[in-house]
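Asker: Below are the structure tokens for one structure; questions will follow.
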Amino acid sequence: MRRFALALALIACSAAPALAQAYQGNWSCRDATTERVGILTVYGQVYGWAARATGDPNSGTGTLTPYQDGIGLNDGNLRVNGNIQAARMINDPTYGVAMQLETAEAIVMLCTPR
């Protein structure tokens with residue numbers, strides 16, 4: 001019984017990092033008009049936003065909080081200037097997974113893996 005419990009605990013621990021890292025990487029983001037607007041990069045506890053428009057005030061870095069279904073943006077230009085509070089993981093028929101960037105009122109961008 002001890003071996004079974006130990007094996008079960010090890011399997012659960014090894015699966016947890018994979019679920020937590022599903023949002024990590026580079027994401028190509030489009031706005032409501034399907035225009036490409038920038039790239040969201042997420043690694044560890046930080047994110048970076050690179051807008052396609054030169055001098056965009058939303059470009060920059062910030063910290064995040066991982067959640068079961070995505071991430072919450074704690075600070076940085078995307079949170080302060082763009083008012084984006086969260087990036088939620090959703091199913092996508094083409095890429096398998098996508099991330100939608102949300103304000104308190106609406107979904108403002110859809111990001112797919114790069």
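Here's how to read the names in the structure tokens: chain A, B, ... by the order shown, residue numbers from 1 in each chain, ligand numbers from 1 in the order shown.
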Applying 12 Å and only C-alpha atoms, which residues near Asp75 (chain A) remain after dropping the ones on its own chain fewer than 6 positions away? List them as a count of residues only.
Answerer: 17
Asker: List the spatial neighbours of Pro66 (chain A) as a ChimeraX atom specification - criterion: any atom at most 12 Å away, only C-alpha atoms, same-chain residues fewer than 5 positions off excluded.
Answerer: /A:17,19-24,42-47,71-74,86-89
Asker: Can you work out which one of A:Thr94, A:Asn26, A:Ser59, A:Thr112 has the shortest atom-to-atom distance to Thr41 (chain A), counting only C-alpha atoms?
Answerer: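 Under the stated criterion, the closest residue is A:Asn26.
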Asker: Between A:Gly70, A:Asp31, A:Thr103, A:Val108, which is the closest to Arg52 (chain A) once you count only C-alpha atoms?
Answerer: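 Closest candidate: A:Asp31.
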Asker: Run DSSP on the backbone and grab whatever in region 21-105 of chain A lands in strand (DSSP E); send it over as a VMD selection string.
Answerer: chain A and resid 25 to 30 36 to 43 46 to 51 60 to 67 70 to 73 86 to 92 96 to 102
Asker: Keeping C-alpha atoms, export the residues of the selection given above as an mmCIF file, in the first residue's frame.
Answerer:
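Once everything was written out, this is out_0.cif:
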```
data_model
loop_
_atom_site.group_PDB
_atom_site.id
_atom_site.type_symbol
_atom_site.label_atom_id
_atom_site.label_comp_id
_atom_site.auth_asym_id
_atom_site.auth_seq_id
_atom_site.Cartn_x
_atom_site.Cartn_y
_atom_site.Cartn_z
ATOM 1 C CA GLY A 25 6.094 30.522 -24.417
ATOM 2 C CA ASN A 26 5.461 32.998 -27.223
ATOM 3 C CA TRP A 27 1.912 33.910 -28.281
ATOM 4 C CA SER A 28 0.945 35.820 -31.422
ATOM 5 C CA CYS A 29 -1.986 38.075 -30.532
ATOM 6 C CA ARG A 30 -4.791 39.522 -32.673
ATOM 7 C CA ARG A 36 -2.005 41.119 -35.587
ATOM 8 C CA VAL A 37 -1.151 43.510 -32.783
ATOM 9 C CA GLY A 38 1.788 41.976 -30.937
ATOM 10 C CA ILE A 39 3.569 39.110 -29.252
ATOM 11 C CA LEU A 40 3.040 38.029 -25.655
ATOM 12 C CA THR A 41 5.955 36.137 -24.111
ATOM 13 C CA VAL A 42 5.388 34.294 -20.830
ATOM 14 C CA TYR A 43 8.089 32.529 -18.801
ATOM 15 C CA VAL A 46 7.070 37.288 -15.781
ATOM 16 C CA TYR A 47 5.596 38.337 -19.108
ATOM 17 C CA GLY A 48 6.675 40.612 -21.923
ATOM 18 C CA TRP A 49 4.522 42.388 -24.478
ATOM 19 C CA ALA A 50 5.944 43.579 -27.793
ATOM 20 C CA ALA A 51 3.420 45.563 -29.826
ATOM 21 C CA GLY A 60 7.101 46.202 -21.774
ATOM 22 C CA THR A 61 7.367 43.595 -19.046
ATOM 23 C CA GLY A 62 5.544 42.739 -15.851
ATOM 24 C CA THR A 63 4.906 40.050 -13.283
ATOM 25 C CA LEU A 64 2.124 37.496 -13.277
ATOM 26 C CA THR A 65 0.263 35.063 -11.062
ATOM 27 C CA PRO A 66 -0.384 31.593 -12.514
ATOM 28 C CA TYR A 67 -3.885 30.146 -12.174
ATOM 29 C CA GLY A 70 -4.332 30.908 -17.251
ATOM 30 C CA ILE A 71 -2.520 33.830 -15.673
ATOM 31 C CA GLY A 72 -3.317 37.079 -13.911
ATOM 32 C CA LEU A 73 -1.261 40.153 -14.788
ATOM 33 C CA ALA A 86 -5.925 38.169 -17.178
ATOM 34 C CA ALA A 87 -4.984 35.753 -19.928
ATOM 35 C CA ARG A 88 -7.257 32.703 -19.929
ATOM 36 C CA MET A 89 -6.445 29.420 -21.698
ATOM 37 C CA ILE A 90 -9.170 28.179 -24.067
ATOM 38 C CA ASN A 91 -9.564 25.408 -26.639
ATOM 39 C CA ASP A 92 -8.829 26.368 -30.231
ATOM 40 C CA GLY A 96 -5.450 23.055 -29.884
ATOM 41 C CA VAL A 97 -5.049 25.834 -27.336
ATOM 42 C CA ALA A 98 -5.244 29.619 -27.368
ATOM 43 C CA MET A 99 -5.077 32.381 -24.792
ATOM 44 C CA GLN A 100 -7.593 35.206 -24.582
ATOM 45 C CA LEU A 101 -6.539 38.501 -23.016
ATOM 46 C CA GLU A 102 -9.282 40.068 -20.920
#
```
Asker: Could you state the separation of CA of Gly76 (chain A) and CA of Pro113 (chain A) in Å, given to one decimal place?
Answerer: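 CA of Gly76 (chain A) sits 21.7 Å away from CA of Pro113 (chain A).
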Asker: What is the distance, in Å and to one decimal place, between CA of Asp69 (chain A) and CA of Asp56 (chain A)?
Answerer: 28.0 Å
Asker: If I take CA of Thr54 (chain A) and CA of Ala106 (chain A), how far is one from the other in Å, to one decimal?
Answerer: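 Atom-to-atom, CA of Thr54 (chain A) to CA of Ala106 (chain A), that is 25.0 Å.
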Asker: Counting only C-alpha atoms, figure out which residue out of A:Met109, A:Arg114, A:Asn77, A:Pro93 gets nearest to Glu35 (chain A).
Answerer: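 Going through A:Met109, A:Arg114, A:Asn77, A:Pro93 one by one, the smallest distance to Glu35 (chain A) is for A:Met109.
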